[in-house]
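Visitor: Input file: model_37.txt. Contents: compact mmCIF, C-alpha atoms and all ligand atoms.
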# COMPACT_ATOMS: atom_id res chain seq x y z
CA MET A 262 97.04 -146.23 0.80
CA PRO A 263 98.09 -142.56 0.44
CA TYR A 264 97.25 -140.18 3.24
CA THR A 265 94.17 -137.99 2.97
CA VAL A 266 93.33 -135.14 5.32
CA ARG A 267 90.49 -136.15 7.58
CA ASN A 268 87.47 -133.92 8.03
CA LEU A 269 87.62 -133.09 11.71
CA THR A 270 84.46 -132.89 13.76
CA ASP A 271 85.92 -133.79 17.14
CA PHE A 272 88.43 -131.19 18.34
CA SER A 273 89.33 -132.72 21.70
CA THR A 274 93.01 -133.04 22.58
CA GLU A 275 92.89 -136.81 22.01
CA ALA A 276 91.24 -136.44 18.61
CA LEU A 277 93.80 -133.81 17.54
CA ASP A 278 96.68 -135.95 18.79
CA SER A 279 95.45 -138.86 16.75
CA ALA A 280 94.83 -136.76 13.61
CA VAL A 281 98.34 -135.25 13.87
CA SER A 282 100.04 -138.59 14.36
CA GLU A 283 98.09 -140.06 11.46
CA LEU A 284 99.31 -137.20 9.28
CA LEU A 285 102.92 -137.56 10.41
CA SER A 286 102.97 -141.29 9.78
CA GLY A 287 101.49 -140.68 6.31
CA LEU A 288 104.23 -138.13 5.70
CA GLU A 289 106.91 -140.54 6.80
CA GLN A 290 105.63 -143.39 4.65
CA GLU A 291 105.36 -141.24 1.55
CA SER A 292 108.81 -139.78 2.15
CA ALA A 293 110.27 -143.28 2.41
CA ALA A 294 108.64 -144.25 -0.90
CA VAL A 295 110.34 -141.44 -2.84
CA GLY A 296 112.93 -143.01 -5.16
CA SER A 297 113.54 -140.49 -7.92
CA GLU A 298 113.55 -136.79 -8.51
CA ASN A 299 110.14 -136.98 -10.18
CA ASP A 300 108.76 -138.88 -7.19
CA TRP A 301 110.14 -136.14 -4.98
CA LYS A 302 108.54 -133.38 -6.99
CA ALA A 303 105.19 -135.13 -6.79
CA PHE A 304 105.72 -135.67 -3.07
CA ARG A 305 106.58 -132.00 -2.56
CA ASP A 306 103.58 -130.79 -4.56
CA ARG A 307 101.24 -133.14 -2.78
CA TRP A 308 102.27 -131.81 0.63
CA ILE A 309 103.18 -128.16 0.21
CA ALA A 310 101.69 -126.90 -3.06
CA ARG A 311 99.97 -123.64 -2.22
CA LYS A 312 96.92 -124.65 -4.18
CA ASN A 313 95.37 -127.72 -2.58
CA GLY A 314 98.55 -129.18 -1.04
CA ILE A 315 97.96 -131.16 2.12
CA PHE A 316 99.18 -128.32 4.30
CA THR A 317 96.75 -125.94 2.61
CA GLN A 318 93.94 -128.42 3.17
CA LEU A 319 94.71 -128.38 6.89
CA ASN A 320 93.77 -124.73 6.96
CA GLU A 321 90.44 -125.51 5.33
CA LEU A 322 89.48 -128.81 6.91
CA TRP A 323 90.91 -128.31 10.40
CA LEU A 324 91.43 -124.66 11.19
CA LYS A 325 88.40 -123.14 9.49
CA ALA A 326 86.18 -125.98 10.67
CA ALA A 327 87.22 -125.58 14.30
CA PRO A 328 84.68 -123.86 16.54
CA GLY A 329 85.80 -120.62 18.22
CA PRO A 330 87.10 -122.00 21.52
CA ASN A 331 89.21 -124.67 19.72
CA LYS A 332 90.70 -122.40 17.07
CA ARG A 333 93.71 -121.42 19.13
CA ASP A 334 94.72 -124.99 19.88
CA VAL A 335 94.12 -126.17 16.31
CA GLY A 336 96.01 -123.14 14.95
CA ARG A 337 98.99 -123.95 17.14
CA ARG A 338 99.07 -127.54 15.93
CA VAL A 339 98.77 -126.55 12.28
CA ASN A 340 101.59 -124.04 12.78
CA GLU A 341 103.75 -126.73 14.33
CA LEU A 342 103.09 -129.08 11.43
CA LYS A 343 104.24 -126.61 8.80
CA PRO A 344 108.00 -126.73 9.60
CA GLN A 345 107.77 -130.49 10.13
CA ILE A 346 106.31 -131.01 6.67
CA GLU A 347 108.84 -128.65 5.06
CA GLN A 348 111.63 -130.35 6.93
CA ALA A 349 110.46 -133.78 5.68
CA VAL A 350 110.35 -132.49 2.09
CA ASN A 351 113.87 -131.05 2.39
CA ALA A 352 115.25 -134.12 4.12
CA THR A 353 113.78 -136.40 1.47
CA TYR A 354 115.54 -134.40 -1.22
CA ALA A 355 118.80 -134.48 0.71
CA ARG A 356 118.53 -138.26 1.02
CA LEU A 357 117.86 -138.56 -2.70
CA VAL A 358 120.86 -136.42 -3.65
CA SER A 359 123.29 -138.11 -1.29
CA GLY A 360 122.04 -141.52 -2.47
CA ALA A 361 122.55 -140.55 -6.10
CA LEU A 362 126.07 -139.30 -5.40
CA PHE A 363 127.03 -142.67 -4.03
CA LYS A 364 125.56 -144.50 -6.98
CA GLY A 365 127.91 -143.07 -9.52
CA ARG A 366 128.74 -140.30 -11.87
CA SER A 367 125.49 -140.14 -13.77
CA VAL A 368 124.36 -137.31 -11.55
CA GLY A 369 124.41 -133.96 -13.28
CA ARG A 370 124.52 -135.33 -16.81
CA ALA A 371 121.67 -134.04 -18.89
CA ARG A 372 119.12 -136.68 -19.69
CA VAL A 373 117.89 -136.58 -23.26
CA PRO A 374 114.43 -138.07 -23.64
CA ASP A 375 114.30 -140.69 -26.41
CA SER A 376 111.40 -138.92 -28.02
CA ALA A 377 113.47 -135.79 -28.55
CA GLN A 378 115.27 -137.45 -31.43
CA ASP A 379 112.24 -137.92 -33.61
CA SER A 380 109.92 -135.26 -32.28
CA PRO A 381 110.54 -131.69 -33.51
CA VAL A 382 108.91 -130.24 -30.38
CA PRO A 383 110.65 -131.20 -27.12
CA HIS A 384 108.17 -133.15 -25.09
CA ARG A 385 107.91 -132.94 -21.35
CA ASP A 386 105.72 -135.14 -19.29
CA GLU A 387 103.28 -133.60 -16.83
CA SER A 388 105.34 -134.20 -13.73
CA GLU A 389 108.33 -132.29 -15.09
CA ARG A 390 106.40 -129.11 -15.67
CA LEU A 391 107.64 -126.20 -13.62
CA ASP A 392 104.94 -124.76 -11.41
CA ILE A 393 106.21 -121.31 -10.52
CA THR A 394 103.42 -120.79 -8.01
CA LEU A 395 104.91 -123.44 -5.71
CA PRO A 396 106.50 -122.17 -2.53
CA GLY A 397 110.28 -122.49 -2.59
CA ILE A 398 112.23 -124.43 0.00
CA ARG A 399 112.40 -122.05 2.91
CA ARG A 400 115.59 -121.53 4.79
CA PRO A 401 115.12 -119.90 8.19
CA ILE A 402 116.41 -116.34 8.14
CA GLY A 403 119.19 -115.70 10.63
CA ALA A 404 119.28 -112.72 12.92
CA GLU A 405 121.73 -110.78 15.05
CA HIS A 406 122.58 -112.44 18.36
CA PRO A 407 121.35 -110.23 21.24
CA VAL A 408 124.94 -109.69 22.41
CA ILE A 409 126.08 -108.56 18.96
CA LYS A 410 122.95 -106.46 18.59
CA THR A 411 123.63 -104.68 21.88
CA MET A 412 127.28 -104.25 20.93
CA ASN A 413 126.34 -102.70 17.58
CA GLU A 414 123.88 -100.33 19.25
CA MET A 415 126.55 -99.22 21.68
CA ILE A 416 129.06 -98.77 18.84
CA GLY A 417 126.41 -96.72 16.99
CA VAL A 418 126.10 -94.33 19.93
CA PHE A 419 129.85 -93.66 19.90
CA ARG A 420 130.10 -93.53 16.13
CA ASN A 421 127.64 -90.64 16.27
CA LEU A 422 130.04 -88.89 18.63
CA GLY A 423 132.85 -89.24 16.08
CA TYR A 424 134.54 -92.38 17.45
CA SER A 425 136.00 -94.98 15.11
CA VAL A 426 136.18 -98.73 15.78
CA GLU A 427 139.42 -100.63 16.43
CA GLU A 428 139.87 -104.35 16.96
CA GLY A 429 142.80 -106.46 18.12
CA PRO A 430 143.93 -110.04 18.81
CA GLU A 431 142.23 -112.19 21.45
CA ILE A 432 145.53 -113.91 22.25
CA GLU A 433 147.74 -111.18 23.67
CA THR A 434 151.15 -110.81 25.23
CA ASP A 435 151.57 -110.03 28.90
CA PHE A 436 153.00 -106.68 27.82
CA TYR A 437 149.83 -105.48 26.06
CA ASN A 438 147.34 -107.02 28.44
CA PHE A 439 149.04 -105.99 31.70
CA GLU A 440 152.39 -104.26 31.66
CA ALA A 441 151.65 -101.38 29.29
CA LEU A 442 148.41 -100.81 31.20
CA ASN A 443 150.36 -100.16 34.34
CA PHE A 444 149.90 -103.58 35.94
CA PRO A 445 153.53 -104.34 36.91
CA PRO A 446 154.48 -108.02 37.40
CA ASN A 447 153.21 -109.28 40.77
CA HIS A 448 150.90 -106.27 41.19
CA PRO A 449 147.84 -107.36 43.20
CA ALA A 450 145.50 -105.79 40.61
CA ARG A 451 146.43 -108.69 38.33
CA ASP A 452 144.55 -111.00 40.68
CA THR A 453 141.27 -109.25 39.85
CA GLN A 454 141.72 -110.34 36.26
CA ASP A 455 142.85 -113.93 36.64
CA THR A 456 143.46 -115.22 33.15
CA LEU A 457 144.34 -118.27 31.10
CA PHE A 458 147.96 -118.49 29.97
CA ILE A 459 149.12 -120.45 26.96
CA ALA A 460 151.19 -123.41 28.24
CA GLY A 461 154.89 -124.08 27.65
CA GLN A 462 156.24 -120.52 27.55
CA GLU A 463 158.45 -120.64 30.62
CA SER A 464 161.55 -119.90 28.58
CA ARG A 465 160.14 -116.61 27.28
CA PRO A 466 160.55 -113.31 29.07
CA MET A 467 157.45 -112.46 31.13
CA ARG A 468 156.30 -109.62 28.86
CA ASP A 469 156.27 -111.84 25.74
CA ARG A 470 154.23 -114.68 27.24
CA LEU A 471 150.89 -115.28 25.55
CA LEU A 472 147.55 -115.25 27.31
CA LEU A 473 143.87 -114.85 26.51
CA ARG A 474 143.15 -111.15 26.89
CA THR A 475 141.17 -110.23 30.01
CA HIS A 476 139.90 -106.93 28.61
CA THR A 477 139.94 -105.09 25.29
CA SER A 478 142.30 -102.45 26.75
CA PRO A 479 145.32 -103.89 24.84
CA VAL A 480 143.63 -102.54 21.71
CA GLN A 481 143.88 -99.06 23.21
CA ILE A 482 147.65 -99.48 23.59
CA ARG A 483 147.98 -100.84 20.06
CA THR A 484 145.93 -97.93 18.73
CA MET A 485 148.04 -95.33 20.54
CA GLN A 486 151.20 -96.95 19.16
CA LYS A 487 149.74 -96.68 15.69
CA ILE A 488 148.28 -93.16 15.66
CA LYS A 489 149.11 -89.86 17.29
CA PRO A 490 146.50 -87.76 19.14
CA PRO A 491 143.73 -86.80 18.69
CA VAL A 492 142.40 -90.34 19.27
CA ARG A 493 138.77 -91.29 19.64
CA VAL A 494 138.15 -95.02 19.39
CA VAL A 495 135.90 -97.73 20.72
CA CYS A 496 137.24 -101.27 20.99
CA PRO A 497 134.60 -104.00 21.02
CA GLY A 498 135.46 -107.66 21.40
CA LYS A 499 135.53 -110.96 23.21
CA VAL A 500 137.50 -111.32 26.45
CA HIS A 501 138.34 -114.19 28.79
CA ARG A 502 138.66 -114.56 32.54
CA ASN A 503 139.32 -117.54 34.74
CA ASP A 504 135.88 -117.17 36.35
CA ALA A 505 133.47 -119.94 37.31
CA LEU A 506 130.20 -119.97 35.42
CA ASP A 507 127.12 -118.70 37.24
CA ALA A 508 124.06 -116.56 36.46
CA THR A 509 126.12 -113.36 36.17
CA HIS A 510 129.64 -114.61 35.34
CA SER A 511 131.01 -116.33 32.30
CA PRO A 512 134.62 -117.21 31.44
CA ILE A 513 133.95 -115.62 28.05
CA PHE A 514 132.16 -112.34 27.62
CA HIS A 515 132.29 -109.18 25.52
CA GLN A 516 133.44 -105.69 26.28
CA ILE A 517 133.37 -102.32 24.68
CA GLU A 518 136.03 -99.93 25.74
CA GLY A 519 136.51 -96.37 24.65
CA LEU A 520 139.47 -94.03 24.58
CA ALA A 521 139.72 -90.33 23.86
CA VAL A 522 143.09 -88.57 23.93
CA ASP A 523 143.62 -84.98 22.88
CA THR A 524 144.79 -81.69 24.31
CA ASN A 525 142.76 -80.41 27.28
CA ILE A 526 140.46 -83.36 27.77
CA THR A 527 139.00 -83.21 31.26
CA PHE A 528 136.92 -85.30 33.62
CA CYS A 529 133.93 -83.13 32.57
CA ASP A 530 134.27 -84.46 29.02
CA LEU A 531 134.27 -88.00 30.39
CA LYS A 532 131.15 -87.38 32.48
CA GLY A 533 129.30 -85.69 29.64
CA THR A 534 130.19 -88.42 27.16
CA LEU A 535 129.11 -91.31 29.37
CA ASP A 536 125.96 -89.54 30.57
CA HIS A 537 124.98 -89.03 26.95
CA ALA A 538 125.80 -92.66 26.04
CA MET A 539 123.72 -94.09 28.91
CA LYS A 540 120.76 -91.89 27.98
CA ALA A 541 121.08 -92.99 24.36
CA MET A 542 121.06 -96.65 25.44
CA PHE A 543 118.50 -96.65 28.24
CA GLY A 544 116.32 -93.58 27.64
CA SER A 545 116.63 -89.87 28.33
CA SER A 546 115.26 -90.08 31.89
CA VAL A 547 118.21 -92.19 33.07
CA LYS A 548 120.57 -90.45 35.48
CA THR A 549 124.23 -91.28 36.05
CA ARG A 550 126.51 -90.91 39.04
CA PHE A 551 130.24 -91.43 39.45
CA TYR A 552 131.91 -93.15 42.40
CA PRO A 553 135.64 -93.20 43.19
CA SER A 554 137.23 -96.51 42.20
CA PHE A 555 140.59 -97.97 41.22
CA PHE A 556 142.00 -99.20 37.93
CA PRO A 557 145.77 -99.36 37.35
CA PHE A 558 145.57 -97.58 33.98
CA THR A 559 143.41 -94.60 35.01
CA GLU A 560 143.85 -91.89 37.65
CA PRO A 561 141.46 -90.80 38.98
CA SER A 562 139.15 -93.77 38.34
CA ALA A 563 135.41 -94.08 38.79
CA ASP A 564 132.60 -96.59 38.69
CA VAL A 565 129.52 -95.34 36.91
CA GLN A 566 126.03 -96.15 38.13
CA ILE A 567 122.79 -95.46 36.32
CA SER A 568 119.45 -94.88 38.00
CA CYS A 569 117.60 -98.20 38.11
CA ILE A 570 115.61 -98.64 34.89
CA PHE A 571 113.23 -101.10 36.58
CA CYS A 572 112.01 -98.86 39.42
CA ASP A 573 112.94 -95.46 37.91
CA GLY A 574 115.52 -95.00 40.65
CA LYS A 575 112.93 -95.24 43.44
CA GLY A 576 114.35 -98.44 44.96
CA ALA A 577 110.88 -99.96 45.20
CA ARG A 578 108.35 -101.33 42.77
CA ASP A 579 104.73 -102.30 43.38
CA GLY A 580 105.18 -101.69 47.07
CA ALA A 581 108.13 -104.10 47.36
CA PRO A 582 111.89 -103.44 47.40
CA CYS A 583 113.28 -103.53 43.83
CA ARG A 584 115.32 -106.71 43.30
CA ASN A 585 117.21 -105.39 40.30
CA CYS A 586 118.96 -102.60 42.23
CA LYS A 587 118.74 -104.24 45.67
CA ALA A 588 116.46 -101.36 46.69
CA SER A 589 119.24 -98.80 46.20
CA GLY A 590 117.75 -97.14 43.11
CA TRP A 591 121.13 -97.44 41.30
CA ILE A 592 122.79 -100.05 39.11
CA GLU A 593 126.54 -100.23 38.58
CA LEU A 594 127.33 -100.46 34.92
CA LEU A 595 130.82 -99.44 33.90
CA GLY A 596 134.30 -98.35 34.90
CA CYS A 597 136.18 -95.31 33.68
CA GLY A 598 138.80 -92.71 34.47
CA MET A 599 141.42 -90.32 33.19
CA VAL A 600 144.27 -92.17 31.44
CA ASP A 601 147.17 -92.54 33.90
CA PRO A 602 150.16 -90.50 32.62
CA ASN A 603 152.34 -93.60 33.12
CA VAL A 604 150.47 -95.29 30.28
CA TYR A 605 151.53 -92.55 27.85
CA GLY A 606 155.14 -93.49 28.57
CA PHE A 607 154.56 -96.92 26.97
CA VAL A 608 153.20 -95.46 23.73
CA ASP A 609 155.45 -92.47 23.26
CA TYR A 610 152.86 -89.76 23.97
CA ASP A 611 153.94 -86.67 25.90
CA PRO A 612 151.91 -86.58 29.15
CA ALA A 613 152.70 -82.87 29.47
CA LYS A 614 150.86 -82.16 26.24
CA VAL A 615 147.94 -84.58 26.09
CA SER A 616 145.26 -85.89 28.39
CA GLY A 617 142.46 -88.33 27.89
CA PHE A 618 139.88 -90.65 29.34
CA ALA A 619 139.02 -94.31 28.99
CA PHE A 620 135.97 -96.36 29.88
CA GLY A 621 134.87 -99.96 29.61
CA MET A 622 131.69 -101.92 29.98
CA GLY A 623 130.46 -105.51 29.70
CA VAL A 624 128.15 -106.03 26.74
CA GLU A 625 126.27 -109.00 28.28
CA ARG A 626 125.62 -106.94 31.41
CA ILE A 627 123.97 -104.25 29.30
CA ALA A 628 122.01 -106.81 27.27
CA ILE A 629 120.82 -108.45 30.50
CA LEU A 630 119.44 -105.12 31.72
CA LYS A 631 118.05 -104.06 28.39
CA TYR A 632 116.19 -107.30 27.70
CA GLY A 633 115.49 -108.46 31.26
CA VAL A 634 117.49 -111.70 30.87
CA ASP A 635 118.11 -113.46 34.18
CA ASP A 636 121.01 -115.75 33.30
CA ILE A 637 124.13 -114.83 31.30
CA GLN A 638 124.55 -118.46 30.19
CA LEU A 639 121.49 -118.18 27.98
CA PHE A 640 123.56 -116.02 25.62
CA PHE A 641 126.02 -118.84 24.97
CA GLN A 642 123.83 -121.94 24.91
CA GLY A 643 122.63 -121.42 21.35
CA ASP A 644 119.03 -122.33 22.21
CA VAL A 645 117.00 -121.10 19.26
CA ARG A 646 113.86 -120.69 21.40
CA PHE A 647 115.72 -118.09 23.47
CA LEU A 648 117.39 -116.38 20.52
CA GLU A 649 114.19 -116.14 18.46
CA GLN A 650 112.78 -113.69 20.96
CA PHE A 651 115.22 -111.04 19.77
CA LEU A 652 114.29 -111.12 16.07
ZN ZN B 701 115.42 -100.72 41.03
Take the structure in this file and express it as structure tokens.
Guide:
Amino acid sequence: MPYTVRNLTDFSTEALDSAVSELLSGLEQESAAVGSENDWKAFRDRWIARKNGIFTQLNELWLKAAPGPNKRDVGRRVNELKPQIEQAVNATYARLVSGALFKGRSVGRARVPDSAQDSPVPHRDESERLDITLPGIRRPIGAEHPVIKTMNEMIGVFRNLGYSVEEGPEIETDFYNFEALNFPPNHPARDTQDTLFIAGQESRPMRDRLLLRTHTSPVQIRTMQKIKPPVRVVCPGKVHRNDALDATHSPIFHQIEGLAVDTNITFCDLKGTLDHAMKAMFGSSVKTRFYPSFFPFTEPSADVQISCIFCDGKGARDGAPCRNCKASGWIELLGCGMVDPNVYGFVDYDPAKVSGFAFGMGVERIAILKYGVDDIQLFFQGDVRFLEQFL
């Protein structure tokens, strides 16, 4: 007995549950009965043909018939059924094709109807007719991951300032990741970037040992080895640290670093550039401030804070202390500084002639602030319900 859409008069939860399960079991039975391509076409048309397919009938017999207060609930159920029906139609076809492949080599060979030999006009039976009004098989459209989206926005800001993009390997040597960035062997600053080393390299000299890069700074060294000043680059990419997973830390995350080297570049240029970039990302009312800090490859170094975007820098919201900035009105966002002259020695630049600045920021950290996400792990779990919110 083929399924027919019931006229609904009772719109209670129980009645809807039963109508939906009746429909789904009808769908399953009819899918199981499909044994040929023609069967499948009929099955597809019966369920998803725009004109009078079963899904279309749901709109008429369920949604339009529902009284006002029930419309929302009925609409939600009808919306949920749509992908389920499409999925069943697609899966039935996939089963048919894989079944046919196993059966032998007849697949793909043109079938000549017997009647074609004696009939001057090729004859097609009704079920083979192509109905171009039928909806196609929909594939969900992909979208940029929020981390990549944020990264591209950030890159866009710096592209507009004349920066180009450079990328480099994720497996680096100790030399590029640490030594050339002024982290000598056994320097305590290395402990702040505990990393993952590739095993079995004890026989190699320290500087040649391979590790997963802890920052994208090695790309800056590689770029300076490749081109002479003036240099203006941003280096986006994935980095790794030996950190335990929690709401704000992940052993894998993304960074964007920037480097500008030229004659007469000063700390003022650095401040102006980053102030502009933060305003471009978070809105023109955002303020920045610079705090002394330490990084081995910059001198002087600074941490940059932006005025809290949740409480407008007031430190309080709705009469309560702001949680996002711990009531301080400021949020720490990135590190920066003037390139340490020692670094130029590793890349054959003359520190007497050039100066420059570098900065780096975590992309997830920015995405978390921008989108109000409360757990960094959500970015890596691949849960479509989370990701769909960024379409
Ligand atoms: Zn705040």
Visitor: Which chains and residue numbers are within 7 Å of ligand ZN 701 (chain B), counting all atoms listed in the file, if I want them as a ChimeraX atom specification?
Guide: /A:569-577,583-591
Visitor: Pull C-alpha atoms from the residues just selected and write them as an mmCIF file, in the coordinates of the input.
Guide:
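What follows is the written file again_39.cif:
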data_model
loop_
_atom_site.group_PDB
_atom_site.id
_atom_site.type_symbol
_atom_site.label_atom_id
_atom_site.label_comp_id
_atom_site.auth_asym_id
_atom_site.auth_seq_id
_atom_site.Cartn_x
_atom_site.Cartn_y
_atom_site.Cartn_z
ATOM 1 C CA CYS A 569 117.600 -98.200 38.110
ATOM 2 C CA ILE A 570 115.610 -98.640 34.890
ATOM 3 C CA PHE A 571 113.230 -101.100 36.580
ATOM 4 C CA CYS A 572 112.010 -98.860 39.420
ATOM 5 C CA ASP A 573 112.940 -95.460 37.910
ATOM 6 C CA GLY A 574 115.520 -95.000 40.650
ATOM 7 C CA LYS A 575 112.930 -95.240 43.440
ATOM 8 C CA GLY A 576 114.350 -98.440 44.960
ATOM 9 C CA ALA A 577 110.880 -99.960 45.200
ATOM 10 C CA CYS A 583 113.280 -103.530 43.830
ATOM 11 C CA ARG A 584 115.320 -106.710 43.300
ATOM 12 C CA ASN A 585 117.210 -105.390 40.300
ATOM 13 C CA CYS A 586 118.960 -102.600 42.230
ATOM 14 C CA LYS A 587 118.740 -104.240 45.670
ATOM 15 C CA ALA A 588 116.460 -101.360 46.690
ATOM 16 C CA SER A 589 119.240 -98.800 46.200
ATOM 17 C CA GLY A 590 117.750 -97.140 43.110
ATOM 18 C CA TRP A 591 121.130 -97.440 41.300
#
Visitor: With 8 Å as the threshold, what does the neighbourhood of (141.1, -83.2, 25.2) contain in terms of residues, counting all atoms listed in the file? Coordinates are those of the file; answer as an NGL selection string.
Guide: :A and (491 or 521-527 or 530 or 615-617)
Visitor: Work out how far CA of Lys343 in chain A is from CA of Asn320 in chain A, in Å to one decimal.
Guide: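 Interatomic distance here is 10.8 Å.
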Visitor: Please determine, counting only C-alpha atoms, which residue among A:Asp636, A:Leu652, A:Ala276, A:Gln290 has the shortest atom-to-atom distance to Leu506 in chain A.
Guide: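 When distances to Leu506 in chain A are compared using only C-alpha atoms, the smallest one comes from A:Asp636.
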Visitor: Using Å and a single decimal, report how far CA of Phe543 in chain A sits from CA of Phe528 in chain A.
Guide: 22.3 Å
Visitor: Might you pull out every residue within 12 Å of Met262 in chain A, with all atoms listed in the file counted and same-chain residues fewer than 3 positions away left off, and present them as a list of chain:residue names?
Guide: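 Here the answer would be A:Thr265, A:Ser286, A:Gly287, A:Leu288, A:Gln290, A:Glu291, A:Ala294.
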Visitor: Which residue out of A:Phe419, A:Phe304, A:Phe272, A:Phe558 has the minimum interatomic distance to Ala541 in chain A when all atoms listed in the file are used?
Guide: A:Phe419
Visitor: Hey, what's within 9 Å of Asn603 in chain A if we count all atoms listed in the file and toss same-chain stuff fewer than 2 positions away? As a list in words, please?
Guide: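 Result of the neighbour search: Ala441, Leu442, Asn443, Phe558, Val600, Asp601, Tyr605, Gly606, Phe607 and Pro612 of chain A.
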Visitor: Could you tell me how far CA of Gln454 in chain A lies from CA of Tyr552 in chain A, in Å and to one decimal?
Guide: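 These atoms are spaced 20.7 Å apart.
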Visitor: So which one's closest to Ala619 in chain A, A:Thr274, A:Thr477, A:Asn299, A:Gln650? Using only C-alpha atoms, please.
Guide: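 Of all the options, A:Thr477 lies closest to Ala619 in chain A.
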Visitor: Quick one: everything within 10 Å of Asp507 in chain A, counting only C-alpha atoms, minus sequence neighbours fewer than 5 positions away in the same chain. Send it as a list in words.
Guide: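 Near neighbours after the sequence-gap exclusion: Pro512, Asp636, Ile637 and Gln638 of chain A.
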Visitor: Output C-alpha atoms for every residue in the selection just made, as a PDB file, keeping the file's coordinate frame.
Guide:
ATOM      1  CA  PRO A 512     134.620-117.210  31.440  1.00  0.00           C
ATOM      2  CA  ASP A 636     121.010-115.750  33.300  1.00  0.00           C
ATOM      3  CA  ILE A 637     124.130-114.830  31.300  1.00  0.00           C
ATOM      4  CA  GLN A 638     124.550-118.460  30.190  1.00  0.00           C
TER       5      GLN A 638
END
Visitor: Name all residues at most 12 Å from Ala538 in chain A (count all atoms listed in the file; drop same-chain ones fewer than 3 positions away) and give them as a list of chain:residue names.
Guide: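 Neighbouring residues, sequence-local ones excluded: A:Glu414, A:Met415, A:Ile416, A:Gly417, A:Val418, A:Phe419, A:Arg420, A:Asn421, A:Leu422, A:Gly519, A:Leu531, A:Lys532, A:Gly533, A:Thr534, A:Leu535, A:Ala541, A:Met542, A:Phe543, A:Gly544, A:Ser545, A:Val547, A:Lys548, A:Thr549, A:Val565, A:Ile567, A:Leu594, A:Leu595, A:Phe620, A:Met622.
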Visitor: Could those selected residues go to a file with C-alpha atoms, as a CSV table (one decimal), in the frame of the given file?
Guide:
chain,number,residue,atom,x,y,z
A,414,GLU,CA,123.9,-100.3,19.2
A,415,MET,CA,126.6,-99.2,21.7
A,416,ILE,CA,129.1,-98.8,18.8
A,417,GLY,CA,126.4,-96.7,17.0
A,418,VAL,CA,126.1,-94.3,19.9
A,419,PHE,CA,129.8,-93.7,19.9
A,420,ARG,CA,130.1,-93.5,16.1
A,421,ASN,CA,127.6,-90.6,16.3
A,422,LEU,CA,130.0,-88.9,18.6
A,519,GLY,CA,136.5,-96.4,24.6
A,531,LEU,CA,134.3,-88.0,30.4
A,532,LYS,CA,131.2,-87.4,32.5
A,533,GLY,CA,129.3,-85.7,29.6
A,534,THR,CA,130.2,-88.4,27.2
A,535,LEU,CA,129.1,-91.3,29.4
A,541,ALA,CA,121.1,-93.0,24.4
A,542,MET,CA,121.1,-96.6,25.4
A,543,PHE,CA,118.5,-96.6,28.2
A,544,GLY,CA,116.3,-93.6,27.6
A,545,SER,CA,116.6,-89.9,28.3
A,547,VAL,CA,118.2,-92.2,33.1
A,548,LYS,CA,120.6,-90.4,35.5
A,549,THR,CA,124.2,-91.3,36.0
A,565,VAL,CA,129.5,-95.3,36.9
A,567,ILE,CA,122.8,-95.5,36.3
A,594,LEU,CA,127.3,-100.5,34.9
A,595,LEU,CA,130.8,-99.4,33.9
A,620,PHE,CA,136.0,-96.4,29.9
A,622,MET,CA,131.7,-101.9,30.0
Visitor: Which residues come within 9 Å of Glu560 in chain A, counting all atoms listed in the file, excluding same-chain residues fewer than 4 positions away, as a PyMOL selection string?
Guide: chain A and resi 555-556+598-602
Visitor: In terms of the shortest atom-to-atom distance over all atoms listed in the file, which of A:Ser273, A:Asn340, A:Thr353, A:Gln348 is closest to Val295 in chain A?
Guide: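 Closest to Val295 in chain A of all the choices is A:Thr353.
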Visitor: For Arg465 in chain A, which of A:Ser511, A:Thr434, A:Ser478, A:Val408 is the closest residue, counting only C-alpha atoms?
Guide: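 Of A:Ser511, A:Thr434, A:Ser478, A:Val408, the one nearest Arg465 in chain A, counting only C-alpha atoms, is A:Thr434.
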